[in-house]
$ cat my_file-v3.cif   # mmCIF, C-alpha atoms
data_work
loop_
_atom_site.label_atom_id
_atom_site.label_comp_id
_atom_site.auth_asym_id
_atom_site.auth_seq_id
_atom_site.Cartn_x
_atom_site.Cartn_y
_atom_site.Cartn_z
CA MET A 802 -97.32 56.43 46.75
CA LYS A 803 -94.11 56.33 48.75
CA LYS A 804 -91.09 54.63 47.23
CA VAL A 805 -88.98 52.14 49.16
CA VAL A 806 -85.27 52.95 48.80
CA LEU A 807 -82.30 50.85 49.84
CA TYR A 808 -79.52 53.35 50.58
CA ILE A 809 -76.43 51.49 51.76
CA ALA A 810 -72.67 51.08 51.37
CA MET A 811 -70.98 47.83 50.48
CA SER A 812 -67.48 46.61 49.74
CA LEU A 813 -66.51 45.81 46.17
CA ASP A 814 -67.13 42.13 46.95
CA GLY A 815 -70.64 42.78 48.29
CA TYR A 816 -70.32 42.97 52.09
CA ILE A 817 -71.99 45.57 54.32
CA ALA A 818 -69.94 44.70 57.41
CA ASP A 819 -66.65 42.92 57.94
CA ARG A 820 -66.10 39.68 59.87
CA GLN A 821 -66.14 41.61 63.16
CA LYS A 822 -69.46 43.21 62.09
CA THR A 823 -67.85 46.65 61.92
CA VAL A 824 -68.15 49.31 59.22
CA ASN A 825 -65.04 51.40 59.93
CA TRP A 826 -63.74 50.48 56.45
CA ILE A 827 -66.45 52.60 54.79
CA LYS A 828 -64.38 55.45 53.41
CA GLY A 829 -62.76 56.59 50.21
CA GLN A 830 -59.32 55.68 48.92
CA ASP A 831 -57.64 58.87 50.14
CA ASP A 832 -58.15 59.81 53.80
CA SER A 833 -57.00 63.39 53.11
CA GLU A 834 -59.76 63.91 50.54
CA GLU A 835 -63.16 64.95 51.84
CA MET A 836 -66.04 62.59 51.06
CA ARG A 837 -68.89 63.93 48.96
CA ASP A 838 -72.18 64.40 50.83
CA THR A 839 -74.87 62.49 48.98
CA TYR A 840 -76.55 61.53 52.25
CA SER A 841 -78.08 64.95 53.08
CA PRO A 842 -80.01 65.32 49.81
CA PHE A 843 -81.10 61.69 50.10
CA PHE A 844 -82.30 62.16 53.70
CA ASP A 845 -84.28 65.25 52.67
CA GLY A 846 -86.39 62.96 50.48
CA ILE A 847 -87.38 60.47 53.18
CA ASP A 848 -89.54 60.61 56.29
CA THR A 849 -89.46 56.96 57.34
CA VAL A 850 -86.51 54.71 58.20
CA VAL A 851 -86.73 50.92 58.56
CA MET A 852 -83.98 48.81 60.11
CA GLY A 853 -83.32 45.63 62.04
CA LYS A 854 -82.38 45.53 65.72
CA ARG A 855 -78.68 44.80 65.05
CA THR A 856 -78.43 47.88 62.82
CA TYR A 857 -80.18 49.92 65.52
CA GLU A 858 -77.76 48.63 68.17
CA GLN A 859 -74.74 49.39 65.99
CA ILE A 860 -75.96 52.95 65.43
CA THR A 861 -76.68 53.58 69.12
CA THR A 862 -73.54 51.96 70.53
CA GLU A 863 -70.84 52.54 67.88
CA LEU A 864 -71.77 54.97 65.13
CA SER A 865 -73.77 57.64 66.97
CA PRO A 866 -73.96 56.93 70.72
CA GLY A 867 -75.97 59.51 72.64
CA LYS A 868 -77.52 61.22 69.60
CA TRP A 869 -80.11 59.70 67.29
CA PRO A 870 -78.91 60.60 63.75
CA TYR A 871 -82.31 60.27 62.05
CA ALA A 872 -84.27 62.85 64.03
CA GLY A 873 -87.12 64.27 61.99
CA ALA A 874 -87.94 60.90 60.44
CA THR A 875 -89.93 58.10 62.04
CA THR A 876 -87.75 55.02 62.47
CA TYR A 877 -89.18 51.52 62.70
CA VAL A 878 -86.88 48.98 64.32
CA LEU A 879 -87.80 45.37 63.57
CA THR A 880 -87.33 43.26 66.69
CA HIS A 881 -88.90 40.47 68.71
CA ASP A 882 -87.62 42.08 71.94
CA ALA A 883 -90.79 43.27 73.69
CA SER A 884 -88.78 45.20 76.29
CA MET A 885 -87.80 47.91 73.79
CA ALA A 886 -89.77 51.12 74.51
CA ASP A 887 -90.90 53.49 71.75
CA THR A 888 -89.63 57.08 71.73
CA LYS A 889 -90.78 60.15 69.83
CA ASP A 890 -88.79 59.19 66.72
CA ILE A 891 -88.34 55.42 67.15
CA LYS A 892 -91.00 52.71 67.00
CA PHE A 893 -90.10 49.11 67.87
CA THR A 894 -92.17 46.50 66.08
CA HIS A 895 -92.28 42.76 65.54
CA THR A 896 -94.33 43.21 62.34
CA ASP A 897 -93.08 41.26 59.32
CA PRO A 898 -90.91 43.64 57.23
CA CYS A 899 -92.93 43.08 54.05
CA ARG A 900 -96.22 43.73 55.85
CA LEU A 901 -94.79 46.84 57.51
CA ILE A 902 -93.64 48.19 54.13
CA ASP A 903 -97.09 47.52 52.63
CA ILE A 904 -98.65 49.58 55.43
CA LEU A 905 -96.10 52.41 55.27
CA LYS A 906 -96.28 52.76 51.47
CA LYS A 907 -99.99 53.65 51.73
CA GLU A 908 -99.28 56.61 54.01
CA THR A 909 -98.78 60.08 52.58
CA GLY A 910 -95.37 61.66 52.80
CA LYS A 911 -91.86 61.15 51.58
CA ASN A 912 -89.99 57.95 50.73
CA ILE A 913 -89.07 55.02 52.99
CA TRP A 914 -85.39 54.27 53.61
CA ILE A 915 -84.32 50.68 54.17
CA CYS A 916 -81.27 51.32 56.33
CA GLY A 917 -80.28 47.71 57.04
CA GLY A 918 -79.44 45.05 57.80
CA ALA A 919 -78.99 42.31 55.29
CA ASP A 920 -81.76 40.13 56.75
CA VAL A 921 -84.33 42.91 56.36
CA VAL A 922 -83.07 43.73 52.85
CA ASN A 923 -83.27 40.12 51.71
CA GLN A 924 -86.77 39.57 53.10
CA LEU A 925 -87.92 42.62 51.14
CA LEU A 926 -86.07 41.50 48.01
CA LYS A 927 -87.78 38.13 48.06
CA GLU A 928 -91.12 39.97 47.88
CA ASP A 929 -89.81 42.50 45.31
CA SER A 930 -90.64 45.31 47.77
CA ILE A 931 -87.69 47.63 47.07
CA ASP A 932 -88.26 50.28 44.40
CA MET A 933 -84.86 52.00 44.30
CA PHE A 934 -81.32 50.80 45.04
CA HIS A 935 -78.79 53.51 45.99
CA ILE A 936 -75.57 51.64 46.68
CA SER A 937 -72.17 53.14 47.45
CA ILE A 938 -69.43 50.74 46.40
CA ILE A 939 -66.44 51.26 48.66
CA PRO A 940 -62.94 50.60 47.25
CA THR A 941 -62.28 47.72 49.62
CA ILE A 942 -62.42 43.94 49.25
CA LEU A 943 -63.29 42.38 52.60
CA GLY A 944 -63.25 38.70 51.67
CA GLY A 945 -65.91 37.90 54.26
CA GLY A 946 -68.44 39.37 56.65
CA ILE A 947 -72.12 40.15 56.26
CA LYS A 948 -73.11 39.80 52.61
CA LEU A 949 -75.67 42.30 51.34
CA PHE A 950 -77.51 40.07 48.88
CA GLU A 951 -78.43 36.42 49.39
CA GLU A 952 -80.01 34.05 46.92
CA ILE A 953 -83.57 35.23 46.43
CA GLY A 954 -84.99 32.66 44.04
CA GLY A 955 -85.14 34.78 40.90
CA ALA A 956 -83.88 37.83 39.09
CA ILE A 957 -84.94 41.40 39.83
CA ASN A 958 -84.40 43.48 36.71
CA LEU A 959 -83.20 47.04 37.21
CA SER A 960 -82.61 50.19 35.18
CA LEU A 961 -79.67 52.48 35.86
CA VAL A 962 -80.79 55.94 37.03
CA ASP A 963 -77.50 57.58 38.00
CA THR A 964 -73.83 57.04 38.82
CA LEU A 965 -71.39 59.15 40.78
CA ASN A 966 -67.66 58.64 41.26
CA TYR A 967 -65.57 60.37 43.95
CA ASN A 968 -62.51 59.43 46.01
CA GLY A 969 -62.61 55.86 44.71
CA VAL A 970 -66.26 55.40 45.74
CA VAL A 971 -68.77 54.58 43.02
CA GLU A 972 -72.40 55.30 43.83
CA VAL A 973 -74.99 53.62 41.65
CA VAL A 974 -78.72 54.27 41.68
CA TYR A 975 -81.06 51.76 40.09
CA LYS A 976 -84.82 51.47 39.93
CA ARG A 977 -86.94 48.40 39.33
CA ARG A 978 -87.93 47.81 35.73
#

$ encode --input "my_file-v3.cif" --output "structure tokens"
Amino acid sequence: MKKVVLYIAMSLDGYIADRQKTVNWIKGQDDSEEMRDTYSPFFDGIDTVVMGKRTYEQITTELSPGKWPYAGATTYVLTHDASMADTKDIKFTHTDPCRLIDILKKETGKNIWICGGADVVNQLLKEDSIDMFHISIIPTILGGGIKLFEEIGGAINLSLVDTLNYNGVVEVVYKRR
């Protein structure tokens, strides 16, 4: 069965976007040092991407305008906007995130990437629907913005799988116990 993986970057104080909802602070401590590529091997292991509409809009207007960065994977964008038209790689859906994940996990193939945003992540957390947590902790304290984790009503126990440290960034990978 497919695994559901949260792969995301956050500030040291737990934010995935700053107060202006930007992510231009996601970088290492030394701009002259090249960042390590952990994304490519991760992306090789997935065939499905799930995200909210705001994440989709940020990708298409700020981060990668004109070129869809997740070609080769099927992306599901959670939205109530019925005017959004599906493309070859992108499916727009108003399906509840937990229900969508239940459906997608039964399909054959590679893993499912939860790309964002915080609302989608927290809905899935409340149903204990995330199997793996791959979080890059960026050496920045934002002091406000969009918090990754909200109160979810109970603990989710994890086991450490791996850590990686480069250019001030600490990547941690956990799985559910």

$ resolve_selection --input "my_file-v3.cif" --expression "the PyMOL selection byres ((chain A and resi 807) around 6)" --output "count of residues only"
6

$ resolve_selection --input "my_file-v3.cif" --expression "the PyMOL selection byres ((chain A and resi 909) around 12)" --output "list of chain:residue names"
A:Met802, A:Lys803, A:Lys804, A:Ile847, A:Asp848, A:Thr849, A:Ile904, A:Leu905, A:Lys906, A:Lys907, A:Glu908, A:Gly910, A:Lys911, A:Asn912, A:Ile913

$ resolve_selection --input "my_file-v3.cif" --expression "the PyMOL selection byres ((chain A and resi 829) around 6)" --output "ChimeraX atom specification"
/A:828,830-831,968-970

$ residues_around --input "my_file-v3.cif" --residues "stretch 949-956 of chain A" --least-positions-apart "5" --cutoff "6 Å" --atoms "all atoms listed in the file" --output "count of residues only"
5

$ atom_distance --input "my_file-v3.cif" --atom1 "atom CA of A:Ser930" --atom2 "atom CA of A:Ile902"
7.6 Å

$ closest_residue --input "my_file-v3.cif" --among "A:Ile957, A:Leu813, A:Ile938, A:Val878" --to "A:Leu901" --atoms "all atoms listed in the file"
A:Val878

$ atom_distance --input "my_file-v3.cif" --atom1 "atom CA of A:Ile891" --atom2 "atom CA of A:Gln859"
14.9 Å

$ residues_around --input "my_file-v3.cif" --residues "A:Leu961" --least-positions-apart "5" --cutoff "9 Å" --atoms "only C-alpha atoms" --output "MDAnalysis selection string"
chainID A and resid 973:976

$ write_last_selection --input "my_file-v3.cif" --atoms "C-alpha atoms" --output "mmCIF file, in the frame of the given file"
data_model
loop_
_atom_site.group_PDB
_atom_site.id
_atom_site.type_symbol
_atom_site.label_atom_id
_atom_site.label_comp_id
_atom_site.auth_asym_id
_atom_site.auth_seq_id
_atom_site.Cartn_x
_atom_site.Cartn_y
_atom_site.Cartn_z
ATOM 1 C CA VAL A 973 -74.990 53.620 41.650
ATOM 2 C CA VAL A 974 -78.720 54.270 41.680
ATOM 3 C CA TYR A 975 -81.060 51.760 40.090
ATOM 4 C CA LYS A 976 -84.820 51.470 39.930
#

$ atom_distance --input "my_file-v3.cif" --atom1 "atom CA of A:Thr876" --atom2 "atom CA of A:Phe893"
8.3 Å

$ closest_residue --input "my_file-v3.cif" --among "A:Arg855, A:Lys948, A:Arg837, A:Arg977" --to "A:Val805" --atoms "all atoms listed in the file"
A:Arg977

$ closest_residue --input "my_file-v3.cif" --among "A:Met933, A:Ala874, A:Val971, A:Ile860" --to "A:Thr839" --atoms "all atoms listed in the file"
A:Val971

$ closest_residue --input "my_file-v3.cif" --among "A:Ile947, A:Met852, A:Val962, A:Met885" --to "A:Gln924" --atoms "only C-alpha atoms"
A:Met852

$ closest_residue --input "my_file-v3.cif" --among "A:Pro870, A:Pro940, A:Pro898, A:Gly846" --to "A:Ile827" --atoms "only C-alpha atoms"
A:Pro940
